[in-house]
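Asks: My questions will all concern the structure given below.
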Amino acid sequence: MSESGAGLLVLDKPAGMTSHDVVGRCRRIFATRRVGHAGTLDPMATGVLVIGIERATKILGLLTATSKAYTATIRLGQTTSTDDAEGEVLESISAAHVTDAAIEAAVSELRGDISQVPSAVSAIKVGGRRAYQLARAGEAVELQARPVRIDRFVVLEVRRASSWVDLDVEVDCSSGTYIRALARDLGAFLGVGGHLTSLRRTRVGRFDLAQALTLDEVAEHPRLSLSLDEACLLMFPRRALTVPEAEAAANGRALPAAGIDGTYAATADDGRVIALLREQGSRTRSVVVIRPATMQSGTD
């Protein structure tokens, strides 16, 4: 597959597939092994999964660090081994007495900058092994709390059963936030336990469900959502380079700073993105060289 086939695919992941399963399917569809994803979704979860094809895999790490948005359902009154509906129920405590006012007060405590202990079945590595591998092997997993930011956490609907309460919620949060852990902590704050029963990711950075294709649509008509150039210019500010500057950037050399904050896309005079740059003092440094000088002219 040539450079012209490099870009991003915004997928609406179906339930029942791992993110790795989706990558495998895309490798077959696009006939290349150079496929990756930005931000894992559990098999139970659905929604936005951004896939990088060919050279676009180089920018996936930048996408992983962006903010995300979710819709979810949290069940109060049950604690599970995985903090979601796929785990074993460890404890049941009636949540019938929990008032709407108490729920809102607890939710408000989990907004803003908080310290969160990730779920024991997360993909975080402990001693070289994934936490979920240790947990499923019956080993004790102790993860350190980490700072995350919850920009928005609102309850859309409260549904009450005999002994539990289901909450439909929307969450906007920083990278690294575990919605399962948010459900667990909300239940713990209310003293009745809680876990996640459904999860749908609605946005990753600037990519949302309105742009998303299904796997079946892509399998029937293989296509990218955005070329690599389009993706870079959507995600980052743009700096136009002179011909000598473009040549320097393609070779990974520093340029004079232009006073642009954060990562930005440096483009040649024909609009192609040469590199993603950041500034340190009076000079730039390369974040990713999108089109290195070693690439053949006319193939990108």
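Chain labels run A, B, ... following the order of the structure tokens; each chain numbers its residues from 1, and ligands are numbered from 1 in the order shown.
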Determine, counting only C-alpha atoms, which protein, DNA and RNA residues have an atom within 10 Å of an atom of Leu41 of chain A; residues of the same chain fewer than 2 positions away are not included. Present the result as a PyMOL selection string.

Replies: chain A and resi 13+15+17-20+37-39+43-49+199-201

Asks: Could you write out that same residue set with all heavy atoms as a short mmCIF file (atom, residue, chain, number, x, y, z; two decimals), in the first residue's frame?

Replies:
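Done, and the output landed in part_2.cif:
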```
data_model
loop_
_atom_site.label_atom_id
_atom_site.label_comp_id
_atom_site.auth_asym_id
_atom_site.auth_seq_id
_atom_site.Cartn_x
_atom_site.Cartn_y
_atom_site.Cartn_z
N LYS A 13 -16.95 1.15 16.71
CA LYS A 13 -16.66 -0.24 17.08
C LYS A 13 -17.91 -0.94 17.60
O LYS A 13 -18.62 -0.39 18.45
CB LYS A 13 -15.57 -0.29 18.17
CG LYS A 13 -15.12 -1.72 18.47
CD LYS A 13 -14.21 -1.81 19.68
CE LYS A 13 -14.98 -1.97 20.97
NZ LYS A 13 -15.70 -3.26 21.08
N ALA A 15 -20.01 -3.92 19.73
CA ALA A 15 -19.81 -4.67 20.96
C ALA A 15 -19.31 -6.08 20.62
O ALA A 15 -19.59 -6.62 19.56
CB ALA A 15 -21.10 -4.75 21.76
N MET A 17 -16.16 -7.12 20.23
CA MET A 17 -14.84 -7.19 19.61
C MET A 17 -13.84 -6.43 20.45
O MET A 17 -14.15 -5.36 20.99
CB MET A 17 -14.86 -6.56 18.21
CG MET A 17 -15.68 -7.32 17.18
SD MET A 17 -15.54 -6.56 15.52
CE MET A 17 -13.87 -7.09 15.05
N THR A 18 -12.63 -6.97 20.57
CA THR A 18 -11.56 -6.20 21.19
C THR A 18 -11.03 -5.19 20.18
O THR A 18 -11.25 -5.33 18.96
CB THR A 18 -10.40 -7.11 21.64
OG1 THR A 18 -9.78 -7.66 20.47
CG2 THR A 18 -10.90 -8.24 22.54
N SER A 19 -10.31 -4.19 20.67
CA SER A 19 -9.68 -3.23 19.76
C SER A 19 -8.68 -3.95 18.86
O SER A 19 -8.52 -3.60 17.68
CB SER A 19 -9.00 -2.12 20.56
OG SER A 19 -9.96 -1.39 21.32
N HIS A 20 -8.00 -4.96 19.39
CA HIS A 20 -7.05 -5.74 18.60
C HIS A 20 -7.77 -6.51 17.50
O HIS A 20 -7.24 -6.65 16.38
CB HIS A 20 -6.27 -6.69 19.49
CG HIS A 20 -5.20 -7.47 18.77
ND1 HIS A 20 -4.05 -6.89 18.30
CD2 HIS A 20 -5.14 -8.78 18.41
CE1 HIS A 20 -3.31 -7.81 17.70
NE2 HIS A 20 -3.95 -8.96 17.76
N HIS A 37 -4.28 1.46 16.54
CA HIS A 37 -5.45 2.20 17.03
C HIS A 37 -5.03 3.17 18.12
O HIS A 37 -3.99 3.02 18.76
CB HIS A 37 -6.54 1.26 17.54
CG HIS A 37 -6.16 0.48 18.76
ND1 HIS A 37 -6.21 1.01 20.04
CD2 HIS A 37 -5.71 -0.79 18.92
CE1 HIS A 37 -5.83 0.10 20.91
NE2 HIS A 37 -5.50 -1.00 20.25
N ALA A 38 -5.85 4.17 18.33
CA ALA A 38 -5.60 5.20 19.35
C ALA A 38 -6.61 5.06 20.48
O ALA A 38 -7.75 5.49 20.33
CB ALA A 38 -5.69 6.59 18.73
N GLY A 39 -6.21 4.43 21.58
CA GLY A 39 -7.10 4.36 22.74
C GLY A 39 -7.96 3.11 22.73
O GLY A 39 -8.92 3.00 21.97
N PRO A 43 -14.12 -4.94 25.02
CA PRO A 43 -15.07 -5.64 24.14
C PRO A 43 -16.52 -5.21 24.37
O PRO A 43 -17.29 -5.09 23.41
CB PRO A 43 -14.87 -7.12 24.53
CG PRO A 43 -13.44 -7.18 24.98
CD PRO A 43 -13.19 -5.88 25.69
N MET A 44 -16.90 -4.95 25.62
CA MET A 44 -18.27 -4.54 25.93
C MET A 44 -18.62 -3.18 25.32
O MET A 44 -19.76 -2.90 24.98
CB MET A 44 -18.44 -4.47 27.44
CG MET A 44 -19.81 -4.03 27.91
SD MET A 44 -19.89 -3.78 29.70
CE MET A 44 -19.21 -2.11 29.83
N ALA A 45 -17.61 -2.31 25.18
CA ALA A 45 -17.83 -0.93 24.76
C ALA A 45 -18.02 -0.81 23.26
O ALA A 45 -17.51 -1.61 22.48
CB ALA A 45 -16.67 -0.05 25.22
N THR A 46 -18.75 0.23 22.86
CA THR A 46 -18.92 0.56 21.45
C THR A 46 -18.46 2.00 21.23
O THR A 46 -18.13 2.71 22.16
CB THR A 46 -20.39 0.43 21.02
OG1 THR A 46 -21.18 1.43 21.73
CG2 THR A 46 -20.95 -0.95 21.35
N GLY A 47 -18.46 2.41 19.96
CA GLY A 47 -18.21 3.82 19.69
C GLY A 47 -16.89 4.10 19.00
O GLY A 47 -16.27 3.21 18.39
N VAL A 48 -16.45 5.34 19.11
CA VAL A 48 -15.35 5.86 18.31
C VAL A 48 -14.03 5.15 18.63
O VAL A 48 -13.56 5.17 19.76
CB VAL A 48 -15.19 7.37 18.52
CG1 VAL A 48 -13.96 7.89 17.75
CG2 VAL A 48 -16.43 8.12 18.05
N LEU A 49 -13.47 4.54 17.60
CA LEU A 49 -12.15 3.94 17.67
C LEU A 49 -11.40 4.44 16.44
O LEU A 49 -11.80 4.16 15.30
CB LEU A 49 -12.22 2.41 17.67
CG LEU A 49 -10.88 1.68 17.81
CD1 LEU A 49 -10.26 1.94 19.18
CD2 LEU A 49 -11.05 0.18 17.58
N LEU A 199 -21.19 1.17 27.85
CA LEU A 199 -20.24 2.26 27.58
C LEU A 199 -20.16 2.49 26.07
O LEU A 199 -19.98 1.54 25.30
CB LEU A 199 -18.85 1.92 28.12
CG LEU A 199 -17.77 3.00 27.92
CD1 LEU A 199 -18.10 4.25 28.72
CD2 LEU A 199 -16.41 2.47 28.33
N ARG A 200 -20.30 3.76 25.69
CA ARG A 200 -20.17 4.14 24.28
C ARG A 200 -19.32 5.39 24.20
O ARG A 200 -19.63 6.41 24.82
CB ARG A 200 -21.55 4.40 23.67
CG ARG A 200 -21.52 4.74 22.18
CD ARG A 200 -22.89 4.54 21.57
NE ARG A 200 -23.00 4.93 20.17
CZ ARG A 200 -22.52 4.23 19.14
NH1 ARG A 200 -21.89 3.08 19.37
NH2 ARG A 200 -22.68 4.62 17.90
N ARG A 201 -18.21 5.30 23.46
CA ARG A 201 -17.35 6.46 23.29
C ARG A 201 -17.87 7.28 22.12
O ARG A 201 -18.04 6.77 21.01
CB ARG A 201 -15.90 6.03 23.05
CG ARG A 201 -14.94 7.21 23.06
CD ARG A 201 -13.51 6.78 23.41
NE ARG A 201 -12.92 5.91 22.41
CZ ARG A 201 -11.80 5.22 22.60
NH1 ARG A 201 -11.16 5.28 23.76
NH2 ARG A 201 -11.31 4.45 21.64
#
```

Asks: Could you write out, as a list in words, all the residues of segment 30-117 of chain A that DSSP marks as alpha helix (DSSP H)?

Replies: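 Reading the DSSP output for segment 30-117 of chain A, alpha helix (DSSP H) covers Phe30, Leu60, Gly61, Leu62, Leu63, Thr64, Asp100, Ala101, Ala102, Ile103, Glu104, Ala105, Ala106, Val107, Ser108 and Glu109 of chain A.
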
Asks: Just to be explicit: take each residue in the selection above, keep N, CA, C and O atoms, and write the result as a CSV table (one decimal), in the first residue's frame.

Replies:
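again_32.csv, freshly written:
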```
chain,number,residue,atom,x,y,z
A,30,PHE,N,-7.5,-3.7,4.3
A,30,PHE,CA,-6.6,-2.8,3.6
A,30,PHE,C,-5.3,-3.5,3.1
A,30,PHE,O,-4.4,-2.8,2.5
A,60,LEU,N,-0.7,8.2,16.0
A,60,LEU,CA,-1.7,7.7,16.9
A,60,LEU,C,-1.4,8.0,18.4
A,60,LEU,O,-2.3,8.2,19.2
A,61,GLY,N,-0.1,8.1,18.7
A,61,GLY,CA,0.2,8.4,20.1
A,61,GLY,C,-0.2,9.8,20.5
A,61,GLY,O,-0.6,10.0,21.7
A,62,LEU,N,-0.2,10.7,19.5
A,62,LEU,CA,-0.7,12.1,19.8
A,62,LEU,C,-2.2,12.1,20.0
A,62,LEU,O,-2.7,12.9,20.8
A,63,LEU,N,-2.9,11.2,19.3
A,63,LEU,CA,-4.4,11.1,19.5
A,63,LEU,C,-4.7,10.5,20.8
A,63,LEU,O,-5.7,10.9,21.4
A,64,THR,N,-4.0,9.5,21.2
A,64,THR,CA,-4.3,8.8,22.5
A,64,THR,C,-4.3,9.8,23.7
A,64,THR,O,-5.0,9.6,24.6
A,100,ASP,N,-32.1,11.3,44.6
A,100,ASP,CA,-31.5,12.0,43.4
A,100,ASP,C,-30.5,13.1,43.9
A,100,ASP,O,-29.5,13.3,43.3
A,101,ALA,N,-30.9,13.7,45.0
A,101,ALA,CA,-30.0,14.8,45.5
A,101,ALA,C,-28.6,14.2,46.0
A,101,ALA,O,-27.6,14.8,45.8
A,102,ALA,N,-28.7,13.0,46.6
A,102,ALA,CA,-27.4,12.3,47.0
A,102,ALA,C,-26.6,11.9,45.8
A,102,ALA,O,-25.4,12.1,45.8
A,103,ILE,N,-27.3,11.5,44.8
A,103,ILE,CA,-26.5,11.1,43.5
A,103,ILE,C,-25.8,12.3,42.9
A,103,ILE,O,-24.7,12.3,42.6
A,104,GLU,N,-26.6,13.4,42.9
A,104,GLU,CA,-26.0,14.7,42.3
A,104,GLU,C,-24.8,15.1,43.1
A,104,GLU,O,-23.8,15.6,42.6
A,105,ALA,N,-24.9,15.1,44.4
A,105,ALA,CA,-23.8,15.5,45.3
A,105,ALA,C,-22.6,14.6,45.1
A,105,ALA,O,-21.5,15.1,45.1
A,106,ALA,N,-22.8,13.3,44.9
A,106,ALA,CA,-21.7,12.4,44.7
A,106,ALA,C,-21.0,12.7,43.4
A,106,ALA,O,-19.8,12.7,43.2
A,107,VAL,N,-21.9,12.9,42.3
A,107,VAL,CA,-21.3,13.1,41.0
A,107,VAL,C,-20.5,14.4,41.0
A,107,VAL,O,-19.4,14.5,40.4
A,108,SER,N,-21.0,15.4,41.7
A,108,SER,CA,-20.2,16.7,41.8
A,108,SER,C,-18.9,16.5,42.4
A,108,SER,O,-17.9,17.3,42.1
A,109,GLU,N,-18.7,15.6,43.3
A,109,GLU,CA,-17.4,15.3,43.9
A,109,GLU,C,-16.4,14.7,43.0
A,109,GLU,O,-15.2,14.7,43.2
```

Asks: Can you list, as a ChimeraX atom specification, every protein, DNA or RNA residue that comes within 9 Å of Arg272 of chain A when you count only C-alpha atoms, leaving out same-chain residues fewer than 5 positions away?

Replies: /A:229,266-267,291,300

Asks: Only N, CA, C and O atoms, please: the residues just picked out, written as a PDB file, in the first residue's frame.

Replies:
```
ATOM      1  N   ASP A 229      -2.573  13.913   5.497  1.00  0.00           N
ATOM      2  CA  ASP A 229      -2.512  15.374   5.470  1.00  0.00           C
ATOM      3  C   ASP A 229      -3.754  15.982   6.116  1.00  0.00           C
ATOM      4  O   ASP A 229      -3.676  16.891   6.934  1.00  0.00           O
ATOM      5  N   ALA A 266       3.748  21.411   9.936  1.00  0.00           N
ATOM      6  CA  ALA A 266       4.597  22.231   9.065  1.00  0.00           C
ATOM      7  C   ALA A 266       4.422  21.746   7.636  1.00  0.00           C
ATOM      8  O   ALA A 266       4.659  20.569   7.331  1.00  0.00           O
ATOM      9  N   THR A 267       3.978  22.644   6.752  1.00  0.00           N
ATOM     10  CA  THR A 267       3.608  22.236   5.396  1.00  0.00           C
ATOM     11  C   THR A 267       4.531  22.841   4.337  1.00  0.00           C
ATOM     12  O   THR A 267       5.047  23.954   4.482  1.00  0.00           O
ATOM     13  N   ARG A 291       6.951  13.211   6.204  1.00  0.00           N
ATOM     14  CA  ARG A 291       7.543  12.896   4.892  1.00  0.00           C
ATOM     15  C   ARG A 291       9.051  13.113   4.960  1.00  0.00           C
ATOM     16  O   ARG A 291       9.550  14.182   4.614  1.00  0.00           O
ATOM     17  N   ASP A 300       4.220  10.446  -2.515  1.00  0.00           N
ATOM     18  CA  ASP A 300       3.536  10.821  -1.294  1.00  0.00           C
ATOM     19  C   ASP A 300       2.492  11.889  -1.556  1.00  0.00           C
ATOM     20  O   ASP A 300       2.065  12.535  -0.662  1.00  0.00           O
TER      21      ASP A 300
END
```

Asks: Enter the distance from atom CA of Ala161 of chain A to atom CA of Thr202 of chain A, in Å, rounded to one decimal.

Replies: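 We find that atom CA of Ala161 of chain A and atom CA of Thr202 of chain A lie 27.4 Å from each other.
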
Asks: Pick out the closest residue to Arg25 of chain A from this set: A:Val218, A:Ala254, A:Thr99, A:Pro292. Count only C-alpha atoms.

Replies: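 Answer, going by the shortest atom-to-atom distance: A:Val218.
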
Asks: Mind checking which residues fall within 9 Å of segment 274-276 of chain A, counting only C-alpha atoms, ignoring those fewer than 5 positions away in the same chain, and posting them as a ChimeraX atom specification?

Replies: /A:232,236,246-247,249-250,252,263-268,285-292

Asks: Using only C-alpha atoms, please write the residues we just selected to a file, as a JSON list (two decimals), in the first residue's frame.

Replies:
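Result written to part.json:
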```
[["chain", "number", "residue", "atom", "x", "y", "z"],
["A", 232, "CYS", "CA", -2.76, 16.47, 10.62],
["A", 236, "PHE", "CA", -3.03, 20.79, 14.66],
["A", 246, "ALA", "CA", 10.73, 22.19, 4.16],
["A", 247, "GLU", "CA", 13.97, 20.49, 3.13],
["A", 249, "ALA", "CA", 12.25, 19.68, 8.31],
["A", 250, "ALA", "CA", 12.22, 16.63, 6.03],
["A", 252, "GLY", "CA", 14.76, 16.31, 10.90],
["A", 263, "THR", "CA", 2.43, 20.71, 18.31],
["A", 264, "TYR", "CA", 1.76, 22.04, 14.81],
["A", 265, "ALA", "CA", 1.78, 20.83, 11.21],
["A", 266, "ALA", "CA", 4.60, 22.23, 9.07],
["A", 267, "THR", "CA", 3.61, 22.24, 5.40],
["A", 268, "ALA", "CA", 5.44, 22.58, 2.08],
["A", 285, "ARG", "CA", 12.15, 19.98, 17.41],
["A", 286, "SER", "CA", 10.53, 17.22, 15.36],
["A", 287, "VAL", "CA", 7.64, 15.37, 16.96],
["A", 288, "VAL", "CA", 7.01, 13.23, 13.87],
["A", 289, "VAL", "CA", 8.61, 13.59, 10.43],
["A", 290, "ILE", "CA", 5.65, 12.78, 8.20],
["A", 291, "ARG", "CA", 7.54, 12.90, 4.89],
["A", 292, "PRO", "CA", 11.25, 12.27, 5.48]]
```

Asks: Quick one: pick out all strand (DSSP E) residues within segment 15-204 of chain A from a backbone DSSP run and write them as a ChimeraX atom specification.

Replies: /A:35-38,46-53,68-76,78-80,89-92,112-116,125-126,129-130,146-160,165-173,194-204

Asks: For segment 67-90 of chain A against segment 141-156 of chain A, with a cut-off of 10 Å and counting only C-alpha atoms, what is the closest atom pair and its distance in Å to one decimal for every residue that makes the cut, ordered by chain and number, as JSON lines?

Replies:
```
{"residue": "A:Ser67", "atom": "CA", "partner": "A:Arg149", "partner_atom": "CA", "distance": 9.3}
{"residue": "A:Lys68", "atom": "CA", "partner": "A:Asp151", "partner_atom": "CA", "distance": 10.0}
{"residue": "A:Ala69", "atom": "CA", "partner": "A:Arg152", "partner_atom": "CA", "distance": 8.8}
{"residue": "A:Tyr70", "atom": "CA", "partner": "A:Phe153", "partner_atom": "CA", "distance": 9.6}
{"residue": "A:Thr71", "atom": "CA", "partner": "A:Leu156", "partner_atom": "CA", "distance": 9.6}
{"residue": "A:Ala72", "atom": "CA", "partner": "A:Val155", "partner_atom": "CA", "distance": 9.7}
{"residue": "A:Thr73", "atom": "CA", "partner": "A:Val155", "partner_atom": "CA", "distance": 9.5}
{"residue": "A:Ile74", "atom": "CA", "partner": "A:Val155", "partner_atom": "CA", "distance": 9.9}
```

Asks: In Å to one decimal, how far is atom CA of Glu157 of chain A from atom CA of Val89 of chain A?

Replies: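 The value is 23.7 Å.
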
Asks: Out of A:Ala6, A:Ala248, A:Ile114, A:Val22, which residue has the shortest atom-to-atom distance to Thr57 of chain A when counting only C-alpha atoms?

Replies: A:Ala6

Asks: Residues at most 10 Å from segment 185-197 of chain A, counting only C-alpha atoms, excluding those fewer than 3 positions away in the same chain, as a ChimeraX atom specification?

Replies: /A:44-45,72-87,89-99,102-103,105-110,116-117,164-168,179-182

Asks: With distances taken over only C-alpha atoms, which of A:Pro244, A:Pro14, A:Gly52, A:Gly205 is nearest to Arg27 of chain A?

Replies: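 Among the listed residues, the smallest separation from Arg27 of chain A belongs to A:Gly52.
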